[in-house]
$ cat entry_18.txt   # compact mmCIF, C-alpha atoms
# COMPACT_ATOMS: atom_id res chain seq x y z
CA MET A 1274 78.89 74.84 98.95
CA THR A 1275 76.86 74.30 102.12
CA ILE A 1276 76.43 76.98 104.79
CA SER A 1277 78.74 74.96 107.06
CA GLN A 1278 81.44 74.77 104.37
CA ALA A 1279 81.15 78.51 103.71
CA VAL A 1280 81.55 79.30 107.39
CA ASN A 1281 84.56 76.97 107.70
CA SER A 1282 86.14 78.53 104.61
CA LYS A 1283 85.70 82.02 106.06
CA VAL A 1284 87.22 80.93 109.39
CA THR A 1285 90.18 79.35 107.59
CA SER A 1286 90.72 82.55 105.60
CA LEU A 1287 90.63 84.68 108.75
CA ASN A 1288 93.03 82.34 110.54
CA ASN A 1289 95.40 82.49 107.58
CA LEU A 1290 95.28 86.30 107.64
CA GLU A 1291 96.06 86.39 111.36
CA GLU A 1292 99.02 84.05 110.81
CA ARG A 1293 100.45 86.42 108.20
CA LEU A 1294 100.05 89.56 110.32
CA GLN A 1295 102.22 90.76 113.16
CA ILE A 1296 101.85 94.21 114.74
CA GLN A 1297 104.66 95.30 117.03
CA ARG A 1298 103.56 98.26 119.14
CA LEU A 1299 106.83 99.99 119.97
CA VAL A 1300 105.09 103.00 121.52
CA GLU A 1301 103.35 100.80 124.05
CA ALA A 1302 106.38 98.62 124.61
CA THR A 1303 108.34 101.44 126.22
CA LYS A 1304 107.50 104.51 128.25
CA VAL A 1305 110.52 106.35 126.88
CA VAL A 1306 108.63 107.66 123.86
CA THR A 1307 105.88 109.24 125.93
CA SER A 1308 108.26 110.97 128.30
CA THR A 1309 110.57 112.15 125.53
CA ALA A 1310 107.63 113.41 123.50
CA GLY A 1311 106.35 115.36 126.48
CA ARG A 1312 109.72 116.98 126.96
CA ASP A 1313 109.69 117.93 123.28
CA VAL A 1314 106.38 119.72 123.76
CA VAL A 1315 107.66 121.63 126.77
CA LYS A 1316 110.85 122.55 124.96
CA GLY A 1317 109.00 123.70 121.84
CA LEU A 1318 106.28 125.74 123.56
CA THR A 1319 108.73 127.50 125.88
CA HIS A 1320 111.10 128.34 123.04
CA ASN A 1321 111.09 131.75 121.34
CA PRO A 1322 109.69 131.46 118.69
CA LYS A 1323 107.43 128.54 119.61
CA TYR A 1324 107.42 125.26 117.67
CA LEU A 1325 106.08 121.71 117.92
CA PRO A 1326 107.47 118.46 116.46
CA PRO A 1327 105.53 117.28 113.35
CA TYR A 1328 105.25 113.91 115.10
CA TYR A 1329 102.10 115.27 116.76
CA PHE A 1330 100.22 115.56 113.47
CA TYR A 1331 99.80 111.80 113.30
CA ASP A 1332 97.27 110.51 115.73
CA ASP A 1333 94.59 108.41 114.01
CA GLN A 1334 92.55 111.52 113.10
CA GLY A 1335 95.62 113.33 111.76
CA SER A 1336 96.64 110.32 109.68
CA ASP A 1337 93.16 110.18 108.17
CA LEU A 1338 93.25 113.91 107.35
CA PHE A 1339 96.63 113.52 105.68
CA GLU A 1340 95.22 110.77 103.47
CA GLN A 1341 92.54 113.28 102.42
CA ILE A 1342 95.21 115.90 101.69
CA CYS A 1343 96.91 113.49 99.32
CA ASP A 1344 93.78 113.43 97.15
CA LEU A 1345 93.35 117.21 96.94
CA PRO A 1346 93.64 118.83 93.48
CA GLU A 1347 96.18 121.37 94.79
CA TYR A 1348 98.41 118.70 96.33
CA TYR A 1349 100.50 117.76 93.28
CA LEU A 1350 103.04 115.76 95.31
CA THR A 1351 101.12 112.51 95.67
CA ARG A 1352 99.88 112.20 92.11
CA THR A 1353 103.27 113.18 90.68
CA GLU A 1354 105.17 110.64 92.75
CA THR A 1355 102.50 108.03 92.03
CA ALA A 1356 102.94 108.55 88.28
CA ILE A 1357 106.71 108.07 88.62
CA LEU A 1358 106.20 104.86 90.61
CA GLN A 1359 103.70 103.54 88.09
CA GLN A 1360 106.20 104.07 85.31
CA TYR A 1361 109.30 102.72 87.05
CA ALA A 1362 108.23 100.25 89.77
CA GLY A 1363 109.04 97.32 87.51
CA GLU A 1364 112.55 98.66 86.98
CA ILE A 1365 112.99 99.11 90.75
CA ALA A 1366 111.95 95.49 91.36
CA GLN A 1367 114.30 94.21 88.66
CA ILE A 1368 117.27 96.16 90.09
CA THR A 1369 116.73 95.11 93.71
CA GLY A 1370 115.63 91.54 93.07
CA ALA A 1371 113.98 89.49 95.84
CA CYS A 1372 113.81 92.25 98.38
CA GLU A 1373 111.96 92.76 101.65
CA LEU A 1374 110.29 96.18 101.69
CA VAL A 1375 110.46 98.37 104.81
CA GLU A 1376 108.38 101.55 104.50
CA LEU A 1377 108.71 104.56 106.77
CA GLY A 1378 105.51 106.56 107.32
CA SER A 1379 103.44 104.00 105.44
CA GLY A 1380 99.99 105.48 106.17
CA SER A 1381 97.38 103.61 104.15
CA SER A 1382 100.10 102.10 101.89
CA THR A 1383 98.31 103.34 98.75
CA LYS A 1384 101.45 104.00 96.70
CA THR A 1385 103.09 100.92 98.20
CA ARG A 1386 100.72 98.71 96.24
CA ILE A 1387 102.45 99.83 93.04
CA LEU A 1388 105.74 98.43 94.35
CA LEU A 1389 104.11 95.29 95.77
CA ASP A 1390 102.49 94.61 92.39
CA ALA A 1391 105.86 94.93 90.68
CA TYR A 1392 107.54 92.51 93.08
CA GLN A 1393 104.63 90.08 92.87
CA LYS A 1394 104.80 90.07 89.06
CA LEU A 1395 108.42 88.92 89.28
CA GLY A 1396 107.64 86.35 92.00
CA TYR A 1397 109.55 88.31 94.66
CA LEU A 1398 106.68 89.25 96.99
CA GLN A 1399 107.40 87.95 100.49
CA CYS A 1400 107.41 90.37 103.42
CA TYR A 1401 106.38 93.98 103.97
CA LEU A 1402 107.32 95.97 107.08
CA PRO A 1403 105.25 99.18 107.35
CA ILE A 1404 106.27 101.73 110.01
CA ASP A 1405 103.95 104.45 111.27
CA VAL A 1406 103.15 106.21 114.55
CA SER A 1407 99.42 105.50 114.06
CA ALA A 1408 98.79 101.92 115.16
CA GLY A 1409 95.16 102.17 114.01
CA MET A 1410 96.14 103.20 110.49
CA LEU A 1411 98.78 100.44 110.38
CA GLU A 1412 96.39 97.68 111.34
CA ASN A 1413 93.63 98.79 108.98
CA SER A 1414 95.95 99.08 105.97
CA ALA A 1415 97.79 95.83 106.81
CA ARG A 1416 94.56 93.81 106.90
CA LYS A 1417 93.50 95.21 103.51
CA LEU A 1418 96.89 94.34 102.01
CA LEU A 1419 96.76 90.77 103.32
CA GLN A 1420 93.39 90.27 101.64
CA GLU A 1421 94.76 91.63 98.35
CA TYR A 1422 98.06 89.72 98.44
CA PRO A 1423 97.47 86.13 99.66
CA SER A 1424 101.20 85.27 99.81
CA LEU A 1425 102.30 88.43 101.64
CA GLN A 1426 103.58 88.51 105.22
CA VAL A 1427 103.18 91.83 107.08
CA HIS A 1428 105.22 92.75 110.14
CA ALA A 1429 104.01 96.22 111.13
CA LEU A 1430 105.89 98.41 113.59
CA ALA A 1431 103.95 101.15 115.40
CA GLY A 1432 106.39 103.81 116.58
CA THR A 1433 108.83 106.49 115.50
CA TYR A 1434 111.28 105.98 112.65
CA GLU A 1435 114.22 105.97 115.04
CA MET A 1436 112.72 103.29 117.27
CA ALA A 1437 111.57 101.09 114.40
CA LEU A 1438 114.83 101.26 112.44
CA ALA A 1439 116.71 100.25 115.58
CA GLN A 1440 114.39 97.27 116.16
CA LEU A 1441 113.85 95.81 112.70
CA PRO A 1442 113.39 92.02 112.82
CA LEU A 1443 115.71 89.66 110.99
CA LYS A 1444 114.92 89.81 107.28
CA GLN A 1445 113.17 86.93 105.55
CA SER A 1446 114.43 87.80 102.05
CA PRO A 1447 117.95 87.82 100.58
CA SER A 1448 117.99 91.63 100.63
CA ARG A 1449 116.11 94.61 102.05
CA MET A 1450 114.97 97.99 100.74
CA ILE A 1451 113.95 100.83 103.05
CA GLY A 1452 111.43 103.09 101.34
CA PHE A 1453 110.91 106.70 102.39
CA ILE A 1454 108.54 107.98 99.73
CA GLY A 1455 106.08 110.83 99.97
CA SER A 1456 108.63 113.69 100.35
CA SER A 1457 108.72 113.41 104.17
CA LEU A 1458 112.47 114.03 104.18
CA GLY A 1459 111.56 117.68 103.61
CA ASN A 1460 110.11 117.84 107.13
CA MET A 1461 113.61 117.45 108.58
CA ALA A 1462 116.13 120.23 109.09
CA THR A 1463 119.64 119.68 107.70
CA GLN A 1464 121.08 118.24 110.93
CA GLU A 1465 118.06 115.98 111.36
CA CYS A 1466 118.62 114.68 107.81
CA GLU A 1467 122.20 113.76 108.68
CA ALA A 1468 121.09 111.86 111.78
CA PHE A 1469 118.33 110.16 109.80
CA PHE A 1470 120.72 108.98 107.09
CA SER A 1471 122.90 107.47 109.82
CA GLN A 1472 119.87 105.55 111.11
CA ILE A 1473 119.20 104.28 107.58
CA THR A 1474 122.76 103.06 107.04
CA ASN A 1475 122.80 101.43 110.48
CA ALA A 1476 119.69 99.47 109.49
CA LEU A 1477 121.08 98.31 106.12
CA GLN A 1478 123.77 95.83 105.17
CA VAL A 1479 126.21 96.62 102.37
CA GLY A 1480 124.50 96.10 99.03
CA GLU A 1481 120.98 96.77 100.30
CA TYR A 1482 118.77 99.61 99.09
CA PHE A 1483 117.16 102.92 100.07
CA LEU A 1484 114.32 104.37 97.98
CA LEU A 1485 113.78 108.09 98.58
CA GLY A 1486 111.08 110.44 97.28
CA ILE A 1487 111.81 114.20 97.36
CA ASP A 1488 109.94 117.32 96.33
CA LEU A 1489 112.08 119.54 94.12
CA GLN A 1490 112.44 123.34 94.11
CA LYS A 1491 109.84 125.21 92.03
CA PRO A 1492 107.98 128.57 91.98
CA LYS A 1493 105.91 129.53 95.03
CA GLU A 1494 102.85 129.92 92.79
CA ILE A 1495 102.85 126.12 92.53
CA LEU A 1496 103.99 125.38 96.07
CA GLU A 1497 101.81 127.58 98.27
CA PRO A 1498 98.38 126.35 97.06
CA ALA A 1499 99.43 122.78 97.91
CA TYR A 1500 99.52 123.82 101.59
CA ASN A 1501 96.51 126.18 101.51
CA ASP A 1502 93.80 124.13 99.83
CA ARG A 1503 90.42 125.67 99.17
CA GLN A 1504 88.55 122.94 101.09
CA GLY A 1505 90.49 123.67 104.29
CA VAL A 1506 91.67 120.09 104.82
CA THR A 1507 95.29 121.15 105.43
CA ALA A 1508 94.07 123.72 107.93
CA ALA A 1509 92.09 121.02 109.75
CA PHE A 1510 95.16 118.78 109.71
CA ASN A 1511 97.24 121.55 111.27
CA ILE A 1512 94.63 122.44 113.91
CA ASN A 1513 94.21 118.76 114.83
CA MET A 1514 97.71 118.84 116.30
CA LEU A 1515 96.32 120.97 119.14
CA GLU A 1516 93.44 118.54 119.63
CA HIS A 1517 96.00 115.74 119.83
CA LEU A 1518 97.92 117.64 122.53
CA ASN A 1519 94.68 118.26 124.41
CA ARG A 1520 93.86 114.55 124.48
CA ARG A 1521 97.35 113.33 125.20
CA PHE A 1522 98.49 115.87 127.79
CA GLU A 1523 95.22 117.09 129.36
CA GLY A 1524 95.39 120.38 127.49
CA ASN A 1525 92.85 123.13 127.02
CA PHE A 1526 93.81 124.62 123.65
CA ASP A 1527 90.76 126.40 122.21
CA THR A 1528 91.22 125.42 118.59
CA THR A 1529 88.73 128.06 117.43
CA GLN A 1530 91.26 130.69 118.55
CA PHE A 1531 94.10 129.49 116.33
CA GLU A 1532 94.36 129.70 112.55
CA HIS A 1533 96.37 127.90 109.90
CA TRP A 1534 99.14 129.90 108.19
CA ALA A 1535 101.48 128.46 105.52
CA PHE A 1536 103.87 130.19 103.12
CA TYR A 1537 106.98 129.50 101.02
CA ASN A 1538 110.26 130.83 102.39
CA GLU A 1539 112.13 131.40 99.13
CA THR A 1540 115.48 132.02 100.86
CA ALA A 1541 115.44 128.74 102.78
CA HIS A 1542 113.62 126.86 99.96
CA GLN A 1543 110.97 125.56 102.34
CA ILE A 1544 107.27 125.74 103.08
CA GLU A 1545 106.67 126.85 106.67
CA MET A 1546 103.42 125.87 108.34
CA HIS A 1547 102.29 127.65 111.51
CA LEU A 1548 99.39 127.89 113.93
CA ARG A 1549 98.68 131.55 114.69
CA SER A 1550 97.00 132.75 117.89
CA MET A 1551 94.05 134.99 117.11
CA ARG A 1552 94.08 136.72 120.49
CA SER A 1553 95.93 136.95 123.80
CA GLN A 1554 95.38 133.66 125.61
CA THR A 1555 96.79 131.22 128.16
CA VAL A 1556 96.90 127.46 127.63
CA GLN A 1557 97.60 124.70 130.12
CA LEU A 1558 98.83 121.14 129.57
CA LYS A 1559 98.15 119.61 132.98
CA SER A 1560 100.01 116.33 132.64
CA LEU A 1561 103.15 118.26 131.60
CA ASN A 1562 102.67 120.87 134.36
CA LEU A 1563 102.98 123.49 131.62
CA THR A 1564 101.33 126.91 131.25
CA VAL A 1565 101.88 128.81 128.00
CA ASN A 1566 100.97 132.40 127.19
CA PHE A 1567 100.22 133.57 123.65
CA ALA A 1568 100.21 137.14 122.37
CA PRO A 1569 97.84 138.13 119.55
CA GLY A 1570 99.36 136.98 116.25
CA GLU A 1571 102.01 134.80 117.92
CA THR A 1572 102.71 131.57 116.05
CA ILE A 1573 103.73 127.97 116.61
CA LEU A 1574 105.84 126.48 113.83
CA THR A 1575 104.39 123.02 113.23
CA GLU A 1576 106.19 121.91 110.07
CA ILE A 1577 108.76 122.79 107.48
CA SER A 1578 108.69 121.17 104.05
CA ARG A 1579 112.05 121.64 102.37
CA LYS A 1580 112.31 121.59 98.60
CA PHE A 1581 115.48 120.01 97.27
CA ASN A 1582 118.01 120.50 94.52
CA LEU A 1583 118.46 117.08 92.93
CA ASN A 1584 122.24 117.26 92.47
CA THR A 1585 122.82 118.54 96.01
CA ILE A 1586 120.82 115.75 97.67
CA LYS A 1587 122.55 113.13 95.54
CA GLN A 1588 125.94 114.38 96.74
CA GLN A 1589 124.70 114.36 100.34
CA LEU A 1590 123.49 110.77 100.04
CA GLN A 1591 126.68 109.58 98.39
CA SER A 1592 128.78 111.10 101.18
CA ARG A 1593 126.90 108.81 103.62
CA GLY A 1594 127.53 105.69 101.55
CA LEU A 1595 124.03 105.74 100.04
CA VAL A 1596 125.06 105.77 96.40
CA PRO A 1597 122.30 106.84 93.95
CA ILE A 1598 122.24 104.16 91.25
CA GLN A 1599 119.10 105.39 89.48
CA THR A 1600 117.11 108.64 89.53
CA TRP A 1601 113.67 109.25 88.05
CA THR A 1602 111.66 112.49 87.73
CA ASP A 1603 108.45 113.62 86.09
CA THR A 1604 108.46 115.68 82.88
CA ASN A 1605 108.01 118.93 84.84
CA GLN A 1606 110.97 118.13 87.12
CA TRP A 1607 108.69 118.71 90.12
CA PHE A 1608 109.48 115.52 92.00
CA GLY A 1609 112.39 113.10 92.26
CA LEU A 1610 112.63 109.40 93.13
CA LEU A 1611 116.09 108.10 93.96
CA LEU A 1612 117.14 104.46 94.33
CA CYS A 1613 120.33 104.25 96.38
CA GLN A 1614 122.52 101.29 97.28
CA PHE A 1615 124.41 101.20 100.56
CA GLN A 1616 128.09 100.77 99.76
CA SER A 1617 129.50 101.62 103.23
CA THR A 1618 130.83 105.00 104.38

$ encode --input "entry_18.txt" --output "structure tokens"
Amino acid sequence: MTISQAVNSKVTSLNNLEERLQIQRLVEATKVVTSTAGRDVVKGLTHNPKYLPPYYFYDDQGSDLFEQICDLPEYYLTRTETAILQQYAGEIAQITGACELVELGSGSSTKTRILLDAYQKLGYLQCYLPIDVSAGMLENSARKLLQEYPSLQVHALAGTYEMALAQLPLKQSPSRMIGFIGSSLGNMATQECEAFFSQITNALQVGEYFLLGIDLQKPKEILEPAYNDRQGVTAAFNINMLEHLNRRFEGNFDTTQFEHWAFYNETAHQIEMHLRSMRSQTVQLKSLNLTVNFAPGETILTEISRKFNLNTIKQQLQSRGLVPIQTWTDTNQWFGLLLCQFQST
């Protein structure tokens, strides 16, 4: 091959990749998200006790830190769910058939490749719709996937779950499966779960699928180290939320004066993650016209991570028309993967 032919081949390959990639930036397409998010910050930081929406973890830096968390030895969730997917992805593909995959909170799409491989093996690989608030993470992971899967089309949506589910494009396959793996359902309170399930059913047609990963209830001796790793990556992830607020809302949080605090609430069956003020201090967020005072030891709740009872969540899903047709767990019963079919409410 001559140098000219090699250059032309590379250009053709790049053009083909661009033709197969579409990134829809929902956050930039509307100003509603920014204003609503700002109101959420004001509401949370003026509440007693203070809290912040977990949405603010996931700027590009936060998304990168979370990818590092997933590889930590203490963080059993990712490797346990990955093992379940590796064992049963082929069965999922056989049950759903030719099925367009929509993934909520896709991140780097590492576990997604297991599903894509299973669909490709059966000749079903067509279109993948990743959804994430980090446009940078979406674009980077999408370009890698397109190089690995030459027949794949990627239509990425950068925005919140609610926005993306309401604006899904017309499907290119006979059916659709919405995937919500990675145990992120645990970050939602009970009422938020109900609203979320309504968004899922509104986005599906009867007969289509919902794949859900959930972390199951287990002793705190297993749970707490997963959120208090020895390397301090989870602490950095938590603290980065304040850096994100500083950048986005002209804030002056001194991140050296807050510390990470996470523990398992055994009564509520949930991990609670906080940022704790190490002294009396005052913080301003200029673009929100907000001034916040902190007492020594006062906390901001940044995340809950609920741990589920498998039978209870199956009943909850079925009541919303999302009928569990197959359930898989690991040998320790630490994690559950549920494939549901929408059969109307």

$ closest_atom_pairs --input "entry_18.txt" --of "region 1425-1513 of chain A" --to "region 1576-1580 of chain A" --cutoff "7 Å" --atoms "only C-alpha atoms" --output "tab-separated table"
residue	atom	partner	partner_atom	distance
A:Gly1459	CA	A:Arg1579	CA	4.2
A:Asn1460	CA	A:Ser1578	CA	4.8
A:Asp1488	CA	A:Lys1580	CA	5.4
A:Leu1489	CA	A:Lys1580	CA	4.9
A:Gln1490	CA	A:Lys1580	CA	4.8

$ closest_residue --input "entry_18.txt" --among "A:Ile1573, A:Phe1330, A:Leu1425, A:Val1315" --to "Glu1291 (chain A)" --atoms "all atoms listed in the file"
A:Leu1425

$ closest_residue --input "entry_18.txt" --among "A:Pro1322, A:Pro1447, A:Gly1455, A:Gly1378" --to "Ala1429 (chain A)" --atoms "all atoms listed in the file"
A:Gly1378

$ closest_residue --input "entry_18.txt" --among "A:Thr1383, A:Ser1457, A:Thr1564, A:Gln1393" --to "Gly1363 (chain A)" --atoms "only C-alpha atoms"
A:Gln1393

$ closest_residue --input "entry_18.txt" --among "A:Thr1507, A:Gln1554, A:Gln1445, A:Gln1420" --to "Ala1535 (chain A)" --atoms "only C-alpha atoms"
A:Thr1507

$ closest_residue --input "entry_18.txt" --among "A:Glu1435, A:Glu1467, A:Glu1347, A:Glu1421" --to "Arg1503 (chain A)" --atoms "all atoms listed in the file"
A:Glu1347

$ residues_around --input "entry_18.txt" --residues "Ser1446 (chain A)" --least-positions-apart "6" --cutoff "9 Å" --atoms "all atoms listed in the file" --output "ChimeraX atom specification"
/A:1371-1373,1397,1399-1400

$ closest_residue --input "entry_18.txt" --among "A:Leu1430, A:Leu1611, A:Met1410, A:Leu1484" --to "Lys1587 (chain A)" --atoms "all atoms listed in the file"
A:Leu1611

$ atom_distance --input "entry_18.txt" --atom1 "CA of Arg1521 (chain A)" --atom2 "CA of Leu1345 (chain A)"
28.8 Å

$ atom_distance --input "entry_18.txt" --atom1 "CA of Asn1413 (chain A)" --atom2 "CA of Gln1334 (chain A)"
13.4 Å

$ residues_around --input "entry_18.txt" --residues "Glu1376 (chain A)" --least-positions-apart "5" --cutoff "9 Å" --atoms "all atoms listed in the file" --output "JSON, numbers by chain"
{"A": [1382, 1385, 1401, 1402, 1403, 1404, 1405, 1450, 1451, 1452, 1453, 1454]}

$ residues_around --input "entry_18.txt" --residues "Val1596 (chain A)" --least-positions-apart "4" --cutoff "6 Å" --atoms "only C-alpha atoms" --output "ChimeraX atom specification"
/A:1591,1613-1614

$ atom_distance --input "entry_18.txt" --atom1 "CA of Asp1332 (chain A)" --atom2 "CA of Ile1357 (chain A)"
28.8 Å
